[in-house]
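Below is coords-v5.cif, holding mmCIF, C-alpha atoms.
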data_model
#
loop_
_atom_site.group_PDB
_atom_site.id
_atom_site.type_symbol
_atom_site.label_atom_id
_atom_site.label_comp_id
_atom_site.auth_asym_id
_atom_site.auth_seq_id
_atom_site.Cartn_x
_atom_site.Cartn_y
_atom_site.Cartn_z
ATOM 1 C CA MET A 1 7.135 -14.900 95.626
ATOM 2 C CA ASP A 2 7.617 -17.736 98.098
ATOM 3 C CA PHE A 3 7.991 -20.957 96.156
ATOM 4 C CA LYS A 4 8.320 -22.886 99.430
ATOM 5 C CA ASP A 5 4.572 -22.523 99.830
ATOM 6 C CA TYR A 6 4.282 -24.934 96.880
ATOM 7 C CA ILE A 7 6.693 -27.609 98.127
ATOM 8 C CA ARG A 8 5.345 -30.554 100.123
ATOM 9 C CA VAL A 9 7.764 -31.854 102.756
ATOM 10 C CA ILE A 10 7.422 -35.582 103.473
ATOM 11 C CA PRO A 11 9.206 -36.829 106.607
ATOM 12 C CA ASP A 12 11.019 -40.180 106.662
ATOM 13 C CA PHE A 13 10.901 -40.716 102.886
ATOM 14 C CA PRO A 14 12.421 -42.703 101.260
ATOM 15 C CA GLN A 15 13.900 -43.828 104.572
ATOM 16 C CA PRO A 16 13.838 -42.732 108.213
ATOM 17 C CA GLY A 17 15.623 -39.453 108.835
ATOM 18 C CA ILE A 18 15.213 -38.112 105.290
ATOM 19 C CA SER A 19 12.927 -35.101 104.842
ATOM 20 C CA PHE A 20 11.867 -35.368 101.189
ATOM 21 C CA LYS A 21 11.095 -32.132 99.337
ATOM 22 C CA ASP A 22 8.304 -32.994 96.906
ATOM 23 C CA ILE A 23 8.192 -30.654 93.898
ATOM 24 C CA THR A 24 5.077 -32.279 92.378
ATOM 25 C CA THR A 25 2.929 -29.803 94.302
ATOM 26 C CA LEU A 26 4.762 -26.967 92.518
ATOM 27 C CA LEU A 27 4.634 -28.709 89.126
ATOM 28 C CA LYS A 28 0.866 -29.226 89.259
ATOM 29 C CA ASP A 29 0.285 -25.470 89.536
ATOM 30 C CA GLY A 30 0.856 -24.224 85.992
ATOM 31 C CA GLU A 31 1.344 -20.592 86.960
ATOM 32 C CA MET A 32 3.831 -21.352 89.753
ATOM 33 C CA TYR A 33 5.718 -23.874 87.606
ATOM 34 C CA ARG A 34 6.031 -21.248 84.864
ATOM 35 C CA ASN A 35 7.084 -18.628 87.438
ATOM 36 C CA ALA A 36 9.772 -20.945 88.823
ATOM 37 C CA ILE A 37 11.216 -21.635 85.357
ATOM 38 C CA ASN A 38 11.058 -17.941 84.476
ATOM 39 C CA GLU A 39 12.833 -17.024 87.722
ATOM 40 C CA LEU A 40 15.611 -19.523 86.964
ATOM 41 C CA LYS A 41 15.817 -18.077 83.448
ATOM 42 C CA VAL A 42 16.380 -14.596 84.894
ATOM 43 C CA MET A 43 19.008 -15.939 87.327
ATOM 44 C CA VAL A 44 21.103 -17.525 84.551
ATOM 45 C CA SER A 45 20.472 -14.947 81.839
ATOM 46 C CA ASP A 46 23.982 -13.461 82.094
ATOM 47 C CA LEU A 47 25.634 -16.811 81.336
ATOM 48 C CA LYS A 48 26.568 -17.852 77.806
ATOM 49 C CA ILE A 49 24.707 -21.173 77.528
ATOM 50 C CA ASP A 50 24.697 -23.420 74.462
ATOM 51 C CA VAL A 51 22.888 -26.387 75.985
ATOM 52 C CA ILE A 52 21.276 -27.434 79.256
ATOM 53 C CA ALA A 53 21.915 -30.879 80.707
ATOM 54 C CA GLY A 54 19.521 -32.395 83.235
ATOM 55 C CA PRO A 55 19.875 -35.598 85.241
ATOM 56 C CA GLU A 56 17.040 -38.104 85.193
ATOM 57 C CA ALA A 57 14.244 -37.695 86.087
ATOM 58 C CA ARG A 58 13.425 -34.472 87.865
ATOM 59 C CA GLY A 59 16.251 -32.680 86.064
ATOM 60 C CA PHE A 60 14.157 -33.198 82.936
ATOM 61 C CA VAL A 61 11.187 -31.269 84.352
ATOM 62 C CA VAL A 62 13.455 -28.350 85.280
ATOM 63 C CA GLY A 63 16.050 -28.493 82.510
ATOM 64 C CA ALA A 64 13.859 -29.062 79.455
ATOM 65 C CA PRO A 65 11.460 -26.132 80.043
ATOM 66 C CA LEU A 66 14.410 -23.924 81.017
ATOM 67 C CA ALA A 67 16.186 -24.878 77.770
ATOM 68 C CA TYR A 68 13.009 -24.057 75.849
ATOM 69 C CA ALA A 69 12.685 -20.698 77.632
ATOM 70 C CA LEU A 70 16.308 -19.838 76.801
ATOM 71 C CA GLY A 71 16.110 -21.128 73.226
ATOM 72 C CA VAL A 72 18.910 -23.673 73.678
ATOM 73 C CA GLY A 73 19.130 -27.455 73.384
ATOM 74 C CA PHE A 74 18.633 -30.021 76.125
ATOM 75 C CA ALA A 75 20.883 -33.031 76.812
ATOM 76 C CA PRO A 76 19.465 -35.750 79.079
ATOM 77 C CA ILE A 77 21.655 -37.432 81.660
ATOM 78 C CA ARG A 78 20.213 -40.885 82.281
ATOM 79 C CA LYS A 79 20.747 -43.875 84.473
ATOM 80 C CA SER A 80 22.891 -46.667 83.066
ATOM 81 C CA GLY A 81 21.265 -48.743 80.314
ATOM 82 C CA LYS A 82 18.551 -46.192 79.433
ATOM 83 C CA LEU A 83 20.145 -44.504 76.391
ATOM 84 C CA PRO A 84 20.078 -46.354 73.048
ATOM 85 C CA GLY A 85 23.243 -44.915 71.455
ATOM 86 C CA GLU A 86 26.926 -44.965 72.359
ATOM 87 C CA THR A 87 27.381 -43.670 75.910
ATOM 88 C CA ILE A 88 29.902 -42.837 78.581
ATOM 89 C CA GLU A 89 29.122 -43.688 82.206
ATOM 90 C CA VAL A 90 30.273 -42.598 85.673
ATOM 91 C CA GLY A 91 29.318 -44.180 89.015
ATOM 92 C CA TYR A 92 28.653 -42.149 92.168
ATOM 93 C CA ASP A 93 27.260 -42.255 95.708
ATOM 94 C CA LEU A 94 23.756 -41.009 96.513
ATOM 95 C CA GLU A 95 22.502 -39.697 99.842
ATOM 96 C CA TYR A 96 21.151 -43.230 100.416
ATOM 97 C CA GLY A 97 22.823 -45.591 97.921
ATOM 98 C CA LYS A 98 24.881 -45.811 94.729
ATOM 99 C CA ASP A 99 24.049 -45.207 91.072
ATOM 100 C CA THR A 100 25.551 -44.728 87.614
ATOM 101 C CA LEU A 101 24.802 -41.900 85.193
ATOM 102 C CA ALA A 102 25.282 -41.921 81.425
ATOM 103 C CA MET A 103 25.223 -39.544 78.472
ATOM 104 C CA HIS A 104 25.311 -40.104 74.748
ATOM 105 C CA THR A 105 28.823 -39.489 73.465
ATOM 106 C CA ASP A 106 27.404 -36.939 70.991
ATOM 107 C CA ALA A 107 25.173 -35.113 73.532
ATOM 108 C CA ILE A 108 27.672 -32.302 74.063
ATOM 109 C CA GLU A 109 30.012 -30.883 71.442
ATOM 110 C CA LYS A 110 33.551 -29.960 72.421
ATOM 111 C CA GLY A 111 33.672 -26.388 73.708
ATOM 112 C CA GLN A 112 29.921 -26.002 74.287
ATOM 113 C CA ASN A 113 28.904 -24.048 77.373
ATOM 114 C CA VAL A 114 26.594 -26.186 79.492
ATOM 115 C CA LEU A 115 24.239 -25.306 82.335
ATOM 116 C CA ILE A 116 23.181 -28.234 84.506
ATOM 117 C CA ALA A 117 19.599 -27.995 85.778
ATOM 118 C CA ASP A 118 17.974 -30.196 88.406
ATOM 119 C CA ASP A 119 15.305 -30.033 91.079
ATOM 120 C CA LEU A 120 17.589 -30.363 94.093
ATOM 121 C CA LEU A 121 21.163 -29.837 95.253
ATOM 122 C CA ALA A 122 21.712 -32.098 98.260
ATOM 123 C CA THR A 123 25.091 -33.784 98.811
ATOM 124 C CA GLY A 124 26.294 -32.795 95.336
ATOM 125 C CA GLY A 125 27.003 -36.332 94.128
ATOM 126 C CA THR A 126 24.641 -36.279 91.159
ATOM 127 C CA ILE A 127 25.817 -32.860 90.000
ATOM 128 C CA ALA A 128 29.520 -33.641 90.484
ATOM 129 C CA THR A 129 28.991 -36.785 88.386
ATOM 130 C CA SER A 130 27.101 -34.769 85.756
ATOM 131 C CA ILE A 131 29.994 -32.298 85.600
ATOM 132 C CA ASN A 132 32.413 -35.209 85.158
ATOM 133 C CA LEU A 133 30.375 -36.614 82.251
ATOM 134 C CA ILE A 134 30.032 -33.238 80.510
ATOM 135 C CA GLU A 135 33.727 -32.457 80.866
ATOM 136 C CA GLN A 136 34.684 -35.900 79.537
ATOM 137 C CA LEU A 137 32.681 -34.986 76.431
ATOM 138 C CA GLY A 138 34.584 -31.697 76.104
ATOM 139 C CA GLY A 139 31.839 -29.437 77.446
ATOM 140 C CA ASN A 140 32.425 -26.403 79.648
ATOM 141 C CA VAL A 141 30.061 -26.353 82.651
ATOM 142 C CA VAL A 142 29.244 -22.684 83.265
ATOM 143 C CA GLY A 143 26.699 -23.136 86.026
ATOM 144 C CA ALA A 144 24.143 -25.249 87.827
ATOM 145 C CA ALA A 145 20.536 -24.220 88.521
ATOM 146 C CA PHE A 146 18.187 -25.799 91.053
ATOM 147 C CA LEU A 147 14.721 -25.306 92.419
ATOM 148 C CA ILE A 148 15.925 -26.329 95.899
ATOM 149 C CA GLU A 149 19.200 -26.462 97.805
ATOM 150 C CA LEU A 150 19.557 -28.393 101.061
ATOM 151 C CA SER A 151 22.225 -26.109 102.526
ATOM 152 C CA ASP A 152 23.003 -28.278 105.577
ATOM 153 C CA LEU A 153 24.223 -31.081 103.289
ATOM 154 C CA ASN A 154 26.863 -28.754 101.784
ATOM 155 C CA GLY A 155 26.568 -30.060 98.225
ATOM 156 C CA ARG A 156 28.264 -26.937 96.868
ATOM 157 C CA ALA A 157 31.517 -28.160 98.404
ATOM 158 C CA LYS A 158 31.591 -31.057 95.901
ATOM 159 C CA LEU A 159 31.364 -28.667 92.947
ATOM 160 C CA PRO A 160 34.298 -26.752 91.483
ATOM 161 C CA GLU A 161 34.382 -23.148 92.745
ATOM 162 C CA ARG A 162 34.386 -21.855 89.142
ATOM 163 C CA ILE A 163 30.817 -23.117 88.651
ATOM 164 C CA ASP A 164 28.083 -20.630 89.524
ATOM 165 C CA VAL A 165 25.220 -22.154 91.512
ATOM 166 C CA PHE A 166 21.683 -20.729 91.317
ATOM 167 C CA THR A 167 18.807 -21.832 93.567
ATOM 168 C CA LEU A 168 15.236 -20.641 94.083
ATOM 169 C CA MET A 169 14.823 -22.072 97.589
ATOM 170 C CA ASN A 170 17.088 -23.063 100.459
ATOM 171 C CA TYR A 171 16.226 -25.474 103.247
#
Kindly transcribe the structure held in the file into structure tokens.
Amino acid sequence: MDFKDYIRVIPDFPQPGISFKDITTLLKDGEMYRNAINELKVMVSDLKIDVIAGPEARGFVVGAPLAYALGVGFAPIRKSGKLPGETIEVGYDLEYGKDTLAMHTDAIEKGQNVLIADDLLATGGTIATSINLIEQLGGNVVGAAFLIELSDLNGRAKLPERIDVFTLMNY
């Protein structure tokens, strides 16, 4: 099944030279959305996963249904100032700017195996920061799952080699 048929590519968004991969066209098709989550579930089924963590906001629409499908919990990774409880924060560089991510200090228990799920692996900054947060909390990142990987940006190089990376589509 070619999931790329359900991805809209928008040139020069959010700035000139960026070719934005819009997953909303996949999400609006219930059958294809379900198929994408089920395919990711199959890809990660050999991993021992206790919880899935997903960075705001599109990581929620991949990570939460994947957590549900696997019967595990979901831990949101949010932008600074968005979580009401005690948090830890880490700053990082984006493809086109800077940001800070945060997690509740009780989101991950020490020793839990965590899969990170997001829509896109680009430069790897968001995922590397997510790994940092999870490991600060004592979690063990066992893998990262994405709908899309932008291979030319070499985001995998920012991730530790011990972390398995799973993607449905490569651009």
Find, counting all atoms listed in the file, the residue in A:Val90, A:Pro76, A:Lys48, A:Asp119 that gets nearest to Thr24 (chain A).
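Of the candidates, the smallest distance to Thr24 (chain A) is held by A:Asp119.
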Region 138-150 of chain A environment, 6 Å, all atoms listed in the file, sequence neighbours closer than 2 positions dropped, as a PyMOL selection string:
chain A and resi 110-122+134-136+152-153+163-171
I need the residue set behind the PyMOL selection byres ((chain A and resi 103) around 10) for this file; please write it as a VMD selection string.
chain A and resid 53 55 75 to 80 82 to 83 85 to 90 101 to 102 104 to 108 130 133 to 134 137
Can you measure CA of Asp46 (chain A) to CA of Lys4 (chain A) for me? One decimal in Å is fine.
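According to the coordinates, CA of Asp46 (chain A) and CA of Lys4 (chain A) are separated by 25.2 Å.
Across the structure, CA of Ala64 (chain A) and CA of Lys98 (chain A) are spaced 25.2 Å apart.
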Between CA of Tyr92 (chain A) and CA of Thr126 (chain A), distance in Å (one decimal)
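Taking CA of Tyr92 (chain A) as the start and CA of Thr126 (chain A) as the end point, the length is 7.2 Å.
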Residue by residue, what does the PyMOL selection byres ((chain A and resi 73) around 8) grab here? Present the result as a PDB file with C-alpha atoms, in the frame of the given file.
ATOM      1  CA  ASP A  50      24.697 -23.420  74.462  1.00  0.00           C
ATOM      2  CA  VAL A  51      22.888 -26.387  75.985  1.00  0.00           C
ATOM      3  CA  ILE A  52      21.276 -27.434  79.256  1.00  0.00           C
ATOM      4  CA  ALA A  67      16.186 -24.878  77.770  1.00  0.00           C
ATOM      5  CA  TYR A  68      13.009 -24.057  75.849  1.00  0.00           C
ATOM      6  CA  GLY A  71      16.110 -21.128  73.226  1.00  0.00           C
ATOM      7  CA  VAL A  72      18.910 -23.673  73.678  1.00  0.00           C
ATOM      8  CA  PHE A  74      18.633 -30.021  76.125  1.00  0.00           C
ATOM      9  CA  ALA A  75      20.883 -33.031  76.812  1.00  0.00           C
TER      10      ALA A  75
END
May I ask which of the residues A:Pro16, A:Pro160, A:Gly54, A:Pro65 is the closest one to Asn35 (chain A), counting all atoms listed in the file?
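Of A:Pro16, A:Pro160, A:Gly54, A:Pro65, the one nearest Asn35 (chain A), counting all atoms listed in the file, is A:Pro65.
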Identify, on the basis of all atoms listed in the file, every residue whose closest approach to Lys41 (chain A) does not exceed 8 Å; exclude the query and any residue fewer than 5 positions from it along the same chain; express the result as a list of chain:residue names.
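With the cut-off at 8 Å, the set is A:Leu66, A:Ala69, A:Leu70.
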For Thr123 (chain A): contacts at 12 Å, all atoms listed in the file, fewer than 6 positions along chain excluded, given as a list in words
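Counting all atoms listed in the file, the residues come to Tyr92, Asp93, Leu94, Glu95, Tyr96, Thr129, Glu149, Leu150, Ser151, Asp152, Leu153, Asn154, Gly155, Arg156, Ala157, Lys158 and Leu159 of chain A.
Take the candidates A:Asp12, A:Asp5, A:Glu161, A:Glu109 and check each one against Met32 (chain A) using only C-alpha atoms; the shortest distance goes to A:Asp5.
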From the options A:Val61, A:Met43, A:Pro11, A:Thr100, which residue's atoms come nearest to Leu26 (chain A), counting only C-alpha atoms?
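Closest candidate: A:Val61.
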Using only C-alpha atoms, which of A:Ala57, A:Gly30, A:Gly91, A:Ile7 sits nearest Ala128 (chain A)?
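Counting only C-alpha atoms, the residue closest to Ala128 (chain A) is A:Gly91.
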Taking into account all atoms listed in the file, which residue in the set A:Ala36, A:Ile10, A:Ile127, A:Leu47 is nearest to Val62 (chain A)?
A:Ala36
Six-sided padding of 6 Å per side, axis-aligned box over region 29-44 of chain A, centre and edges in Å, one decimal, as lines of an AutoDock Vina configuration file:
center_x = 10.7
center_y = -20.0
center_z = 86.6
size_x = 32.8
size_y = 22.9
size_z = 18.3
Using the incomplete input, complete region 23-58 of chain A to the level of N, CA and C atoms; output as a JSON list (two decimals), in the coordinates of the input.
[["chain", "number", "residue", "atom", "x", "y", "z"],
["A", 23, "ILE", "N", 8.48, -31.77, 94.81],
["A", 23, "ILE", "CA", 8.19, -30.65, 93.90],
["A", 23, "ILE", "C", 6.92, -30.87, 93.09],
["A", 24, "THR", "N", 6.27, -32.04, 93.20],
["A", 24, "THR", "CA", 5.08, -32.28, 92.38],
["A", 24, "THR", "C", 3.97, -31.29, 92.70],
["A", 25, "THR", "N", 3.94, -30.78, 93.93],
["A", 25, "THR", "CA", 2.93, -29.80, 94.30],
["A", 25, "THR", "C", 3.19, -28.45, 93.63],
["A", 26, "LEU", "N", 4.43, -28.16, 93.31],
["A", 26, "LEU", "CA", 4.76, -26.97, 92.52],
["A", 26, "LEU", "C", 4.44, -27.22, 91.04],
["A", 27, "LEU", "N", 4.83, -28.39, 90.54],
["A", 27, "LEU", "CA", 4.63, -28.71, 89.13],
["A", 27, "LEU", "C", 3.17, -28.72, 88.71],
["A", 28, "LYS", "N", 2.28, -29.12, 89.62],
["A", 28, "LYS", "CA", 0.87, -29.23, 89.26],
["A", 28, "LYS", "C", 0.18, -27.86, 89.14],
["A", 29, "ASP", "N", 0.83, -26.83, 89.65],
["A", 29, "ASP", "CA", 0.28, -25.47, 89.54],
["A", 29, "ASP", "C", 0.97, -24.79, 88.35],
["A", 30, "GLY", "N", 0.27, -24.74, 87.23],
["A", 30, "GLY", "CA", 0.86, -24.22, 85.99],
["A", 30, "GLY", "C", 1.48, -22.85, 86.12],
["A", 31, "GLU", "N", 0.82, -21.95, 86.81],
["A", 31, "GLU", "CA", 1.34, -20.59, 86.96],
["A", 31, "GLU", "C", 2.63, -20.58, 87.79],
["A", 32, "MET", "N", 2.64, -21.33, 88.90],
["A", 32, "MET", "CA", 3.83, -21.35, 89.75],
["A", 32, "MET", "C", 4.99, -22.08, 89.08],
["A", 33, "TYR", "N", 4.69, -23.15, 88.35],
["A", 33, "TYR", "CA", 5.72, -23.87, 87.61],
["A", 33, "TYR", "C", 6.36, -22.93, 86.59],
["A", 34, "ARG", "N", 5.53, -22.22, 85.85],
["A", 34, "ARG", "CA", 6.03, -21.25, 84.86],
["A", 34, "ARG", "C", 6.84, -20.15, 85.56],
["A", 35, "ASN", "N", 6.35, -19.66, 86.69],
["A", 35, "ASN", "CA", 7.08, -18.63, 87.44],
["A", 35, "ASN", "C", 8.45, -19.13, 87.91],
["A", 36, "ALA", "N", 8.50, -20.37, 88.36],
["A", 36, "ALA", "CA", 9.77, -20.94, 88.82],
["A", 36, "ALA", "C", 10.77, -21.04, 87.67],
["A", 37, "ILE", "N", 10.32, -21.53, 86.52],
["A", 37, "ILE", "CA", 11.22, -21.64, 85.36],
["A", 37, "ILE", "C", 11.64, -20.25, 84.90],
["A", 38, "ASN", "N", 10.71, -19.31, 84.88],
["A", 38, "ASN", "CA", 11.06, -17.94, 84.48],
["A", 38, "ASN", "C", 12.04, -17.30, 85.44],
["A", 39, "GLU", "N", 11.90, -17.57, 86.73],
["A", 39, "GLU", "CA", 12.83, -17.02, 87.72],
["A", 39, "GLU", "C", 14.23, -17.61, 87.52],
["A", 40, "LEU", "N", 14.31, -18.91, 87.26],
["A", 40, "LEU", "CA", 15.61, -19.52, 86.96],
["A", 40, "LEU", "C", 16.20, -18.92, 85.69],
["A", 41, "LYS", "N", 15.35, -18.69, 84.70],
["A", 41, "LYS", "CA", 15.82, -18.08, 83.45],
["A", 41, "LYS", "C", 16.47, -16.72, 83.72],
["A", 42, "VAL", "N", 15.82, -15.91, 84.54],
["A", 42, "VAL", "CA", 16.38, -14.60, 84.89],
["A", 42, "VAL", "C", 17.72, -14.76, 85.62],
["A", 43, "MET", "N", 17.79, -15.72, 86.54],
["A", 43, "MET", "CA", 19.01, -15.94, 87.33],
["A", 43, "MET", "C", 20.22, -16.29, 86.45],
["A", 44, "VAL", "N", 19.98, -17.05, 85.37],
["A", 44, "VAL", "CA", 21.10, -17.52, 84.55],
["A", 44, "VAL", "C", 21.27, -16.71, 83.27],
["A", 45, "SER", "N", 20.50, -15.68, 83.11],
["A", 45, "SER", "CA", 20.47, -14.95, 81.84],
["A", 45, "SER", "C", 21.80, -14.30, 81.46],
["A", 46, "ASP", "N", 22.69, -14.06, 82.42],
["A", 46, "ASP", "CA", 23.98, -13.46, 82.09],
["A", 46, "ASP", "C", 25.01, -14.49, 81.64],
["A", 47, "LEU", "N", 24.70, -15.76, 81.76],
["A", 47, "LEU", "CA", 25.63, -16.81, 81.34],
["A", 47, "LEU", "C", 25.50, -17.05, 79.84],
["A", 48, "LYS", "N", 26.61, -17.42, 79.21],
["A", 48, "LYS", "CA", 26.57, -17.85, 77.81],
["A", 48, "LYS", "C", 26.32, -19.36, 77.83],
["A", 49, "ILE", "N", 25.12, -19.77, 77.45],
["A", 49, "ILE", "CA", 24.71, -21.17, 77.53],
["A", 49, "ILE", "C", 24.38, -21.67, 76.13],
["A", 50, "ASP", "N", 25.00, -22.79, 75.75],
["A", 50, "ASP", "CA", 24.70, -23.42, 74.46],
["A", 50, "ASP", "C", 23.71, -24.56, 74.61],
["A", 51, "VAL", "N", 23.76, -25.23, 75.75],
["A", 51, "VAL", "CA", 22.89, -26.39, 75.98],
["A", 51, "VAL", "C", 22.70, -26.56, 77.49],
["A", 52, "ILE", "N", 21.54, -27.10, 77.86],
["A", 52, "ILE", "CA", 21.28, -27.43, 79.26],
["A", 52, "ILE", "C", 21.27, -28.95, 79.37],
["A", 53, "ALA", "N", 21.92, -29.45, 80.41],
["A", 53, "ALA", "CA", 21.92, -30.88, 80.71],
["A", 53, "ALA", "C", 21.15, -31.09, 82.01],
["A", 54, "GLY", "N", 20.30, -32.11, 82.03],
["A", 54, "GLY", "CA", 19.52, -32.40, 83.24],
["A", 54, "GLY", "C", 19.55, -33.87, 83.57],
["A", 55, "PRO", "N", 19.88, -34.20, 84.83],
["A", 55, "PRO", "CA", 19.88, -35.60, 85.24],
["A", 55, "PRO", "C", 18.47, -36.14, 85.44],
["A", 56, "GLU", "N", 18.30, -37.39, 85.07],
["A", 56, "GLU", "CA", 17.04, -38.10, 85.19],
["A", 56, "GLU", "C", 16.58, -38.11, 86.64],
["A", 57, "ALA", "N", 15.37, -38.02, 86.95],
["A", 57, "ALA", "CA", 14.24, -37.70, 86.09],
["A", 57, "ALA", "C", 13.78, -36.26, 86.34],
["A", 58, "ARG", "N", 13.95, -35.81, 87.57],
["A", 58, "ARG", "CA", 13.42, -34.47, 87.86],
["A", 58, "ARG", "C", 14.24, -33.37, 87.20]]
